[in-house]
$ cat final_33.cif   # mmCIF, C-alpha atoms and all ligand atoms
data_run
#
loop_
_atom_site.label_atom_id
_atom_site.label_comp_id
_atom_site.auth_asym_id
_atom_site.auth_seq_id
_atom_site.Cartn_x
_atom_site.Cartn_y
_atom_site.Cartn_z
CA MET A 1 196.56 22.41 375.46
CA ALA A 2 195.32 21.07 378.81
CA LYS A 3 192.68 18.42 378.55
CA GLN A 4 189.16 19.28 379.68
CA LYS A 5 188.40 17.39 382.92
CA ILE A 6 185.08 15.58 383.01
CA ILE A 7 183.15 13.29 385.32
CA ILE A 8 180.39 11.10 383.89
CA ASP A 9 177.46 10.59 386.25
CA CYS A 10 175.45 7.78 384.69
CA ASP A 11 173.09 4.80 384.89
CA THR A 12 174.89 2.40 382.53
CA GLY A 13 172.85 1.49 380.40
CA LYS A 14 173.56 0.90 376.73
CA ASP A 15 174.05 4.49 375.54
CA ASP A 16 175.75 5.41 378.83
CA ALA A 17 178.32 2.69 378.09
CA ILE A 18 179.00 4.22 374.67
CA ALA A 19 179.29 7.67 376.27
CA ILE A 20 181.95 6.31 378.65
CA MET A 21 183.87 4.78 375.75
CA THR A 22 183.62 7.97 373.71
CA ALA A 23 184.97 10.04 376.59
CA ALA A 24 187.82 7.63 377.23
CA GLY A 25 188.77 7.78 373.55
CA SER A 26 188.68 11.59 373.33
CA ALA A 27 192.22 12.94 373.15
CA ASP A 28 191.06 16.32 374.46
CA LEU A 29 189.20 14.99 377.52
CA GLU A 30 190.44 13.67 380.85
CA LEU A 31 187.83 11.32 382.29
CA LEU A 32 188.42 11.70 386.03
CA ALA A 33 185.81 9.22 387.21
CA VAL A 34 182.50 7.56 386.53
CA THR A 35 179.83 7.99 389.21
CA THR A 36 176.76 5.79 389.07
CA VAL A 37 173.13 6.12 390.01
CA ALA A 38 170.03 3.94 389.85
CA GLY A 39 168.11 4.53 386.64
CA ASN A 40 167.91 2.14 383.74
CA VAL A 41 168.63 -0.66 386.22
CA GLU A 42 169.51 -0.89 389.92
CA VAL A 43 172.65 0.94 391.05
CA SER A 44 174.48 -2.35 391.71
CA LEU A 45 174.07 -3.12 388.01
CA THR A 46 174.80 0.39 386.69
CA THR A 47 178.01 0.24 388.73
CA ALA A 48 178.97 -3.25 387.56
CA ASN A 49 178.17 -2.34 383.94
CA SER A 50 180.38 0.77 384.11
CA LEU A 51 183.20 -1.30 385.59
CA ARG A 52 182.76 -4.00 382.92
CA VAL A 53 183.09 -1.54 380.05
CA LEU A 54 186.23 -0.01 381.58
CA GLU A 55 187.76 -3.39 382.43
CA TYR A 56 187.07 -4.80 378.95
CA LEU A 57 188.90 -1.86 377.40
CA GLY A 58 191.76 -1.87 379.93
CA LEU A 59 190.86 1.59 381.29
CA LYS A 60 191.77 2.43 384.88
CA VAL A 61 189.15 5.13 385.45
CA PRO A 62 187.70 4.85 389.01
CA VAL A 63 183.99 4.15 389.52
CA TYR A 64 182.01 5.46 392.51
CA ALA A 65 178.59 4.01 393.30
CA GLY A 66 175.90 6.53 394.16
CA CYS A 67 172.24 6.77 395.09
CA ASP A 68 170.14 3.63 394.88
CA ARG A 69 166.76 5.37 394.59
CA PRO A 70 165.16 8.67 393.65
CA LEU A 71 164.78 11.46 396.23
CA VAL A 72 161.01 11.34 396.60
CA ARG A 73 159.11 9.34 394.02
CA ASP A 74 158.77 5.56 393.76
CA GLN A 75 161.54 3.99 391.75
CA ILE A 76 161.09 3.25 388.05
CA LEU A 77 163.60 1.35 385.92
CA ALA A 78 163.98 0.89 382.15
CA LYS A 79 164.73 -2.84 381.80
CA ALA A 80 162.37 -3.08 378.85
CA VAL A 81 164.78 -0.84 376.90
CA HIS A 82 168.17 -1.82 378.31
CA GLY A 83 167.57 -5.48 379.15
CA ARG A 84 167.61 -7.33 382.47
CA ASN A 85 171.28 -6.50 383.13
CA GLY A 86 171.09 -3.07 381.56
CA LEU A 87 173.85 -3.68 379.04
CA LEU A 88 174.37 -6.89 377.09
CA ASN A 89 172.44 -10.10 377.68
CA ARG A 90 175.71 -12.00 377.74
CA ASP A 91 178.92 -11.78 379.72
CA PHE A 92 181.70 -10.14 377.74
CA VAL A 93 184.31 -9.79 380.46
CA GLU A 94 185.02 -11.34 383.82
CA LEU A 95 184.75 -8.54 386.34
CA THR A 96 187.73 -8.37 388.65
CA ARG A 97 187.51 -4.67 389.53
CA SER A 98 185.38 -3.18 392.32
CA PRO A 99 183.95 0.27 392.82
CA GLU A 100 185.79 2.71 395.09
CA LYS A 101 184.74 2.73 398.75
CA GLU A 102 183.68 6.38 398.80
CA HIS A 103 180.07 7.20 397.91
CA ALA A 104 179.60 8.98 394.56
CA VAL A 105 178.00 12.02 396.22
CA SER A 106 180.92 12.57 398.58
CA TYR A 107 183.38 11.97 395.72
CA LEU A 108 181.61 14.63 393.66
CA ILE A 109 181.67 17.15 396.52
CA ARG A 110 185.29 16.44 397.44
CA THR A 111 186.54 16.62 393.86
CA LEU A 112 184.55 19.65 392.79
CA MET A 113 185.48 21.60 395.94
CA ALA A 114 189.17 20.82 395.39
CA GLY A 115 189.00 22.06 391.80
CA ASP A 116 188.94 25.62 390.53
CA GLY A 117 185.81 25.40 388.42
CA ASP A 118 187.61 23.39 385.78
CA ILE A 119 185.42 20.26 385.81
CA VAL A 120 182.45 19.55 383.54
CA VAL A 121 179.92 16.96 384.73
CA CYS A 122 178.23 14.95 382.00
CA ALA A 123 175.02 13.59 383.54
CA THR A 124 173.41 10.77 381.59
CA GLY A 125 171.04 9.29 384.15
CA PRO A 126 168.56 10.55 386.74
CA LEU A 127 169.97 13.60 388.53
CA THR A 128 169.79 12.16 392.07
CA ASN A 129 173.54 12.25 392.84
CA LEU A 130 173.95 15.83 391.64
CA ALA A 131 170.89 17.02 393.56
CA MET A 132 172.16 15.35 396.74
CA ALA A 133 175.61 16.88 396.24
CA LEU A 134 174.15 20.36 395.67
CA ARG A 135 172.02 20.09 398.83
CA LEU A 136 174.84 18.72 401.00
CA GLU A 137 177.41 21.25 399.77
CA PRO A 138 175.74 24.19 398.00
CA ARG A 139 179.13 25.79 397.32
CA ILE A 140 179.77 23.24 394.56
CA ALA A 141 177.36 25.29 392.43
CA GLN A 142 180.20 27.80 391.96
CA LYS A 143 182.72 25.03 391.37
CA ILE A 144 181.08 23.13 388.51
CA GLN A 145 182.14 24.59 385.19
CA LYS A 146 179.02 23.20 383.52
CA ILE A 147 176.56 20.32 383.71
CA VAL A 148 175.93 18.81 380.31
CA LEU A 149 172.95 16.56 380.82
CA MET A 150 170.89 14.18 378.76
CA GLY A 151 167.35 14.63 379.87
CA GLY A 152 163.98 16.10 379.15
CA SER A 153 162.43 17.43 376.00
CA ALA A 154 160.96 20.68 374.77
CA GLY A 155 158.46 18.54 372.88
CA PHE A 156 157.14 15.11 373.74
CA GLY A 157 158.39 12.59 376.28
CA ASN A 158 159.51 8.99 375.78
CA THR A 159 158.30 7.56 379.10
CA THR A 160 155.02 9.44 379.44
CA PRO A 161 153.58 11.65 376.70
CA ALA A 162 155.08 14.60 378.59
CA ALA A 163 158.26 13.31 380.24
CA GLU A 164 161.61 11.84 379.25
CA PHE A 165 163.02 8.91 381.27
CA ASN A 166 165.96 10.53 383.13
CA ILE A 167 163.83 13.41 384.38
CA TYR A 168 160.73 11.30 385.05
CA ALA A 169 162.82 8.83 387.08
CA ASP A 170 163.64 11.62 389.57
CA PRO A 171 161.79 14.86 388.84
CA GLU A 172 162.49 16.37 392.28
CA ALA A 173 166.23 15.89 391.79
CA ALA A 174 165.99 17.48 388.34
CA ALA A 175 164.19 20.47 389.89
CA VAL A 176 167.08 20.95 392.33
CA VAL A 177 169.64 20.86 389.51
CA TYR A 178 167.68 23.09 387.10
CA SER A 179 167.26 25.77 389.77
CA SER A 180 170.85 25.55 391.08
CA GLY A 181 172.37 28.36 389.04
CA VAL A 182 175.00 26.01 387.59
CA PRO A 183 175.40 26.54 383.82
CA ILE A 184 173.42 23.71 382.20
CA VAL A 185 173.46 22.36 378.68
CA MET A 186 170.35 20.25 378.19
CA MET A 187 170.51 17.56 375.55
CA GLY A 188 166.84 16.66 375.41
CA LEU A 189 165.04 14.28 373.08
CA ASP A 190 164.59 17.13 370.57
CA LEU A 191 168.30 16.78 369.84
CA THR A 192 169.25 13.28 370.97
CA GLU A 193 166.66 11.59 368.75
CA GLN A 194 168.73 12.84 365.81
CA THR A 195 171.53 10.37 366.66
CA VAL A 196 169.90 7.52 364.75
CA VAL A 197 171.88 4.32 364.29
CA ASP A 198 171.68 2.66 360.87
CA ASP A 199 173.34 -0.33 359.17
CA SER A 200 176.20 1.76 357.84
CA THR A 201 176.98 3.01 361.38
CA LEU A 202 177.17 -0.57 362.64
CA LYS A 203 179.35 -1.61 359.72
CA ARG A 204 181.80 1.22 360.32
CA LEU A 205 181.94 0.45 364.07
CA ARG A 206 182.77 -3.21 363.35
CA GLY A 207 185.26 -2.05 360.73
CA LEU A 208 187.30 -0.34 363.45
CA GLY A 209 188.55 -3.85 364.22
CA ASN A 210 188.96 -3.24 367.95
CA ARG A 211 187.11 -4.20 371.14
CA ALA A 212 185.51 -0.78 371.55
CA GLY A 213 184.05 -0.80 368.03
CA SER A 214 182.66 -4.33 368.34
CA LEU A 215 181.29 -3.81 371.86
CA CYS A 216 179.52 -0.66 370.70
CA ALA A 217 178.13 -2.43 367.62
CA ASP A 218 177.01 -5.46 369.71
CA ILE A 219 175.22 -3.24 372.22
CA LEU A 220 173.40 -1.39 369.45
CA GLN A 221 172.63 -4.53 367.44
CA GLU A 222 171.06 -6.15 370.51
CA GLN A 223 168.87 -3.10 371.01
CA ILE A 224 167.85 -3.08 367.35
CA ASP A 225 167.04 -6.82 367.46
CA GLN A 226 164.93 -6.46 370.60
CA HIS A 227 162.90 -3.44 369.60
CA ALA A 228 161.05 -2.51 366.50
CA TYR A 229 161.87 1.17 366.83
CA GLN A 230 164.81 3.28 365.74
CA VAL A 231 167.77 3.21 368.10
CA GLN A 232 169.57 6.36 369.18
CA VAL A 233 172.54 7.02 371.45
CA HIS A 234 171.09 9.85 373.55
CA ASP A 235 173.80 9.96 376.23
CA VAL A 236 176.73 10.17 373.83
CA THR A 237 175.69 13.71 372.86
CA THR A 238 176.81 15.01 376.27
CA VAL A 239 180.39 13.87 375.80
CA MET A 240 180.53 14.86 372.14
CA TYR A 241 179.26 18.32 373.04
CA VAL A 242 182.11 18.87 375.51
CA SER A 243 184.65 17.68 372.97
CA GLU A 244 183.22 19.15 369.76
CA PRO A 245 180.60 21.82 370.56
CA GLN A 246 180.59 23.16 367.01
CA LEU A 247 178.50 20.14 365.92
CA PHE A 248 175.55 21.37 368.00
CA SER A 249 173.25 24.35 367.84
CA LEU A 250 171.88 25.53 371.17
CA LYS A 251 169.38 28.09 372.37
CA PRO A 252 169.34 29.69 375.84
CA VAL A 253 165.93 29.21 377.46
CA TYR A 254 164.22 29.26 380.81
CA ALA A 255 163.21 25.72 381.75
CA GLU A 256 161.58 24.24 384.81
CA ILE A 257 160.43 20.81 385.90
CA ASP A 258 156.74 20.08 386.41
CA LEU A 259 156.41 18.60 389.90
CA SER A 260 152.63 18.48 389.97
CA HIS A 261 151.29 14.95 390.19
CA GLY A 262 149.21 15.08 387.04
CA PRO A 263 149.89 13.91 383.48
CA CYS A 264 152.81 16.33 383.09
CA TYR A 265 154.78 15.15 386.16
CA GLY A 266 158.46 15.23 385.18
CA ARG A 267 158.01 17.36 382.08
CA THR A 268 160.78 19.85 381.31
CA VAL A 269 158.76 22.93 380.48
CA CYS A 270 161.02 24.89 378.11
CA ASP A 271 160.05 28.49 377.40
CA LEU A 272 161.29 28.49 373.81
CA ASN A 273 159.17 31.51 372.92
CA ASN A 274 160.07 33.48 376.06
CA ARG A 275 156.48 33.71 377.32
CA TYR A 276 157.61 34.04 380.96
CA HIS A 277 160.31 36.70 380.28
CA LYS A 278 162.52 34.93 382.78
CA ALA A 279 166.31 34.69 382.58
CA ALA A 280 167.53 31.58 380.76
CA ASN A 281 168.83 28.84 383.07
CA VAL A 282 169.71 26.25 380.42
CA GLU A 283 171.03 26.09 376.91
CA ILE A 284 168.94 23.55 375.07
CA GLY A 285 170.35 21.50 372.19
CA LEU A 286 168.24 21.81 369.06
CA GLN A 287 170.20 20.63 366.05
CA LEU A 288 173.06 18.22 365.50
CA ASP A 289 175.24 17.43 362.50
CA CYS A 290 174.55 13.68 362.63
CA ASP A 291 177.16 12.54 360.08
CA ARG A 292 179.93 14.47 361.79
CA PHE A 293 178.66 13.27 365.17
CA TRP A 294 179.00 9.60 364.21
CA ALA A 295 182.33 10.22 362.47
CA GLY A 296 183.53 11.80 365.73
CA VAL A 297 182.34 8.87 367.85
CA GLU A 298 184.02 6.38 365.53
CA GLU A 299 187.27 8.33 365.53
CA ARG A 300 187.29 8.40 369.34
CA LEU A 301 186.53 4.68 369.67
CA SER A 302 189.36 3.93 367.24
CA HIS A 303 191.86 5.15 369.87
CA LEU A 304 190.77 2.46 372.33
CA ALA A 305 191.69 -1.20 372.70
C1 LIG B 401 167.69 8.22 378.50
O1 LIG B 401 167.05 7.20 379.25
C2 LIG B 401 167.89 6.09 379.36
O2 LIG B 401 167.16 4.91 379.15
C3 LIG B 401 169.02 6.28 378.39
O3 LIG B 401 170.22 5.72 378.89
C4 LIG B 401 169.12 7.78 378.29
O4 LIG B 401 169.93 8.32 379.30
C5 LIG B 401 166.90 8.47 377.24
O5 LIG B 401 165.61 8.90 377.56
CA CA B 402 171.39 6.93 380.63
#
$ encode --input "final_33.cif" --output "structure tokens"
Amino acid sequence: MAKQKIIIDCDTGKDDAIAIMTAAGSADLELLAVTTVAGNVEVSLTTANSLRVLEYLGLKVPVYAGCDRPLVRDQILAKAVHGRNGLLNRDFVELTRSPEKEHAVSYLIRTLMAGDGDIVVCATGPLTNLAMALRLEPRIAQKIQKIVLMGGSAGFGNTTPAAEFNIYADPEAAAVVYSSGVPIVMMGLDLTEQTVVDDSTLKRLRGLGNRAGSLCADILQEQIDQHAYQVQVHDVTTVMYVSEPQLFSLKPVYAEIDLSHGPCYGRTVCDLNNRYHKAANVEIGLQLDCDRFWAGVEERLSHLA
């Protein structure tokens, strides 16, 4: 069977890094490229971090650097969560690779327009690149098979009481994407917070005995050591959904982004109870089989160096 083509648009980022590894280790996926955006850290760092992960694992996937700031709002970063460099607070590989010369937005447009609707975009950072691409070339809306994004929440936020980081970092871009008509699977905090990392997960990752398993365990251990809260791998759900959708339960809903500049700025308002009687524009992830999710991640990382 032909492999499913995917592009990861990300702000690497600890869990973004694990999403890239998971995709590269998925036998049923063809990772065409990684496109980067400013988010957890500056775009120069999200690009370098993506390249580092790929170089460390001997993977030749091209990396395209994208937008360095949100469309409208002032920039926010998440260094408190991901560290100063956004990945590991130590060098684990000497970077010899560079990003491609083409901008991520023009790469996305060129590649999606050349395809026949056979590409899924996994978006694990702010949605700036996708919004720019949709505005510059609206016809890509018919060419994207699906956007599987990590962002938002039907319930509470993690950056403000109302908003999740990826959406809050560029709410106007999220509004463009959510209203684009492209089929969207939204992995919000309601689902991604179920991907809790515990000691047995770390032990099994180290037990893989390869670079991918130890890098993943080191990234997670550093996050656990630095923070007193539970660690989850939000972004990895996007890739695992494309590869193994049966692990997830979804519900079609109408969702829109709050762009008012009050306490709910950046909230993904999800009409779970169909109060608006509007057509659904996203499928929201609600439940995940966590044991099978982690078993799937480990199996995929075991195929890597
Ligand atoms: C999201 O925000 C980022 O810090 C993570 O990489 C993830 O994409 C979780 O809210
Ligand atoms: Ca991310």
$ closest_residue --input "final_33.cif" --among "A:Ser302, A:Asn273, A:Asn166, A:Asn85" --to "ligand CA 402 (chain B)" --atoms "all atoms listed in the file"
A:Asn166
$ residues_near_ligand --input "final_33.cif" --ligand "ligand CA 402 (chain B)" --cutoff "10 Å" --atoms "all atoms listed in the file" --output "JSON, numbers by chain"
{"A": [9, 10, 11, 12, 13, 14, 15, 16, 17, 19, 37, 38, 39, 40, 41, 46, 78, 82, 123, 124, 125, 126, 149, 150, 151, 165, 166, 233, 234, 235, 236]}
$ atom_distance --input "final_33.cif" --atom1 "CA of Gln230 in chain A" --atom2 "CA of Leu202 in chain A"
13.3 Å
$ closest_residue --input "final_33.cif" --among "A:Ser26, A:Ser214, A:Ser98, A:Thr237" --to "ligand LIG 401 (chain B)" --atoms "only C-alpha atoms and all ligand atoms"
A:Thr237
$ closest_residue --input "final_33.cif" --among "A:Phe156, A:Tyr56, A:Tyr64, A:Tyr254" --to "ligand LIG 401 (chain B)" --atoms "all atoms listed in the file"
A:Phe156
$ closest_residue --input "final_33.cif" --among "A:Cys216, A:Ala169, A:Val185, A:Ala141" --to "ligand LIG 401 (chain B)" --atoms "only C-alpha atoms and all ligand atoms"
A:Ala169
$ axis_aligned_box --input "final_33.cif" --around "range 216-222 of chain A" --padding-each-side "8 Å" --output "JSON"
{"center_x": 175.3, "center_y": -3.4, "center_z": 369.8, "size_x": 24.5, "size_y": 21.5, "size_z": 20.8}
$ atom_distance --input "final_33.cif" --atom1 "CA of Lys278 in chain A" --atom2 "CA of Ala255 in chain A"
9.3 Å
$ closest_residue --input "final_33.cif" --among "A:Ala80, A:Met1, A:Ala217, A:Ala279" --to "ligand LIG 401 (chain B)" --atoms "only C-alpha atoms and all ligand atoms"
A:Ala80
$ atom_distance --input "final_33.cif" --atom1 "CA of Ile167 in chain A" --atom2 "CA of Gly152 in chain A"
5.9 Å
$ residues_around --input "final_33.cif" --residues "range 285-291 of chain A" --least-positions-apart "3" --cutoff "10 Å" --atoms "only C-alpha atoms" --output "PyMOL selection string"
chain A and resi 150+153-154+185-197+201+237+241+245-252+282+294-296
$ closest_residue --input "final_33.cif" --among "A:Val105, A:Val53, A:Cys122, A:Leu32" --to "ligand LIG 401 (chain B)" --atoms "all atoms listed in the file"
A:Cys122
$ residues_around --input "final_33.cif" --residues "range 263-266 of chain A" --least-positions-apart "3" --cutoff "10 Å" --atoms "only C-alpha atoms" --output "list in words"
Gly152, Gly157, Thr159, Thr160, Pro161, Ala162, Ala163, Glu164, Phe165, Asn166, Ile167, Tyr168, Ala169, Asp170, Pro171, Glu172, Ala174, Ala175, Glu256, Ile257, Asp258, Leu259, Ser260 and Val269 of chain A
$ write_last_selection --input "final_33.cif" --atoms "C-alpha atoms" --output "tab-separated table (two decimals), in the coordinates of the input"
chain	number	residue	atom	x	y	z
A	152	GLY	CA	163.98	16.10	379.15
A	157	GLY	CA	158.39	12.59	376.28
A	159	THR	CA	158.30	7.56	379.10
A	160	THR	CA	155.02	9.44	379.44
A	161	PRO	CA	153.58	11.65	376.70
A	162	ALA	CA	155.08	14.60	378.59
A	163	ALA	CA	158.26	13.31	380.24
A	164	GLU	CA	161.61	11.84	379.25
A	165	PHE	CA	163.02	8.91	381.27
A	166	ASN	CA	165.96	10.53	383.13
A	167	ILE	CA	163.83	13.41	384.38
A	168	TYR	CA	160.73	11.30	385.05
A	169	ALA	CA	162.82	8.83	387.08
A	170	ASP	CA	163.64	11.62	389.57
A	171	PRO	CA	161.79	14.86	388.84
A	172	GLU	CA	162.49	16.37	392.28
A	174	ALA	CA	165.99	17.48	388.34
A	175	ALA	CA	164.19	20.47	389.89
A	256	GLU	CA	161.58	24.24	384.81
A	257	ILE	CA	160.43	20.81	385.90
A	258	ASP	CA	156.74	20.08	386.41
A	259	LEU	CA	156.41	18.60	389.90
A	260	SER	CA	152.63	18.48	389.97
A	269	VAL	CA	158.76	22.93	380.48
$ residues_around --input "final_33.cif" --residues "Gln142 in chain A" --least-positions-apart "5" --cutoff "10 Å" --atoms "all atoms listed in the file" --output "ChimeraX atom specification"
/A:112-113,116-117,180-183
$ residues_around --input "final_33.cif" --residues "Ile147 in chain A" --least-positions-apart "4" --cutoff "6 Å" --atoms "all atoms listed in the file" --output "count of residues only"
4
$ decode --input "final_33.cif" --residues "range 120-134 of chain A" --atoms "N, CA, C and O atoms" --output "PDB file, in the first residue's frame"
ATOM      1  N   VAL A 120      -1.318  15.137   3.870  1.00  0.00           N
ATOM      2  CA  VAL A 120      -1.850  15.575   5.161  1.00  0.00           C
ATOM      3  C   VAL A 120      -0.812  16.495   5.794  1.00  0.00           C
ATOM      4  O   VAL A 120       0.383  16.184   5.780  1.00  0.00           O
ATOM      5  N   VAL A 121      -1.258  17.623   6.342  1.00  0.00           N
ATOM      6  CA  VAL A 121      -0.345  18.499   7.083  1.00  0.00           C
ATOM      7  C   VAL A 121      -0.605  18.307   8.569  1.00  0.00           C
ATOM      8  O   VAL A 121      -1.734  18.488   9.043  1.00  0.00           O
ATOM      9  N   CYS A 122       0.435  17.914   9.292  1.00  0.00           N
ATOM     10  CA  CYS A 122       0.352  17.849  10.756  1.00  0.00           C
ATOM     11  C   CYS A 122       0.916  19.166  11.277  1.00  0.00           C
ATOM     12  O   CYS A 122       2.097  19.462  11.061  1.00  0.00           O
ATOM     13  N   ALA A 123       0.098  19.958  11.928  1.00  0.00           N
ATOM     14  CA  ALA A 123       0.531  21.281  12.403  1.00  0.00           C
ATOM     15  C   ALA A 123       0.660  21.225  13.913  1.00  0.00           C
ATOM     16  O   ALA A 123      -0.316  20.999  14.618  1.00  0.00           O
ATOM     17  N   THR A 124       1.874  21.448  14.403  1.00  0.00           N
ATOM     18  CA  THR A 124       2.116  21.292  15.845  1.00  0.00           C
ATOM     19  C   THR A 124       2.652  22.571  16.484  1.00  0.00           C
ATOM     20  O   THR A 124       3.201  22.528  17.582  1.00  0.00           O
ATOM     21  N   GLY A 125       2.497  23.681  15.787  1.00  0.00           N
ATOM     22  CA  GLY A 125       2.890  24.971  16.340  1.00  0.00           C
ATOM     23  C   GLY A 125       1.810  25.992  16.020  1.00  0.00           C
ATOM     24  O   GLY A 125       0.719  25.631  15.570  1.00  0.00           O
ATOM     25  N   PRO A 126       2.094  27.276  16.230  1.00  0.00           N
ATOM     26  CA  PRO A 126       1.160  28.309  15.785  1.00  0.00           C
ATOM     27  C   PRO A 126       0.884  28.162  14.286  1.00  0.00           C
ATOM     28  O   PRO A 126       1.751  27.692  13.528  1.00  0.00           O
ATOM     29  N   LEU A 127      -0.298  28.581  13.851  1.00  0.00           N
ATOM     30  CA  LEU A 127      -0.740  28.260  12.487  1.00  0.00           C
ATOM     31  C   LEU A 127      -0.371  29.332  11.463  1.00  0.00           C
ATOM     32  O   LEU A 127      -0.983  29.437  10.393  1.00  0.00           O
ATOM     33  N   THR A 128       0.649  30.127  11.760  1.00  0.00           N
ATOM     34  CA  THR A 128       1.043  31.264  10.914  1.00  0.00           C
ATOM     35  C   THR A 128       1.380  30.853   9.477  1.00  0.00           C
ATOM     36  O   THR A 128       0.909  31.478   8.520  1.00  0.00           O
ATOM     37  N   ASN A 129       2.194  29.823   9.308  1.00  0.00           N
ATOM     38  CA  ASN A 129       2.590  29.420   7.941  1.00  0.00           C
ATOM     39  C   ASN A 129       1.375  28.987   7.125  1.00  0.00           C
ATOM     40  O   ASN A 129       1.238  29.350   5.949  1.00  0.00           O
ATOM     41  N   LEU A 130       0.508  28.188   7.741  1.00  0.00           N
ATOM     42  CA  LEU A 130      -0.656  27.694   6.999  1.00  0.00           C
ATOM     43  C   LEU A 130      -1.608  28.834   6.646  1.00  0.00           C
ATOM     44  O   LEU A 130      -2.159  28.864   5.539  1.00  0.00           O
ATOM     45  N   ALA A 131      -1.777  29.775   7.568  1.00  0.00           N
ATOM     46  CA  ALA A 131      -2.658  30.915   7.281  1.00  0.00           C
ATOM     47  C   ALA A 131      -2.084  31.744   6.130  1.00  0.00           C
ATOM     48  O   ALA A 131      -2.804  32.145   5.212  1.00  0.00           O
ATOM     49  N   MET A 132      -0.796  31.978   6.159  1.00  0.00           N
ATOM     50  CA  MET A 132      -0.149  32.741   5.082  1.00  0.00           C
ATOM     51  C   MET A 132      -0.309  32.014   3.750  1.00  0.00           C
ATOM     52  O   MET A 132      -0.610  32.629   2.721  1.00  0.00           O
ATOM     53  N   ALA A 133      -0.103  30.699   3.768  1.00  0.00           N
ATOM     54  CA  ALA A 133      -0.205  29.916   2.536  1.00  0.00           C
ATOM     55  C   ALA A 133      -1.642  29.973   1.991  1.00  0.00           C
ATOM     56  O   ALA A 133      -1.864  30.149   0.792  1.00  0.00           O
ATOM     57  N   LEU A 134      -2.620  29.848   2.885  1.00  0.00           N
ATOM     58  CA  LEU A 134      -4.025  29.880   2.454  1.00  0.00           C
ATOM     59  C   LEU A 134      -4.412  31.244   1.901  1.00  0.00           C
ATOM     60  O   LEU A 134      -5.233  31.342   0.984  1.00  0.00           O
TER      61      LEU A 134
END
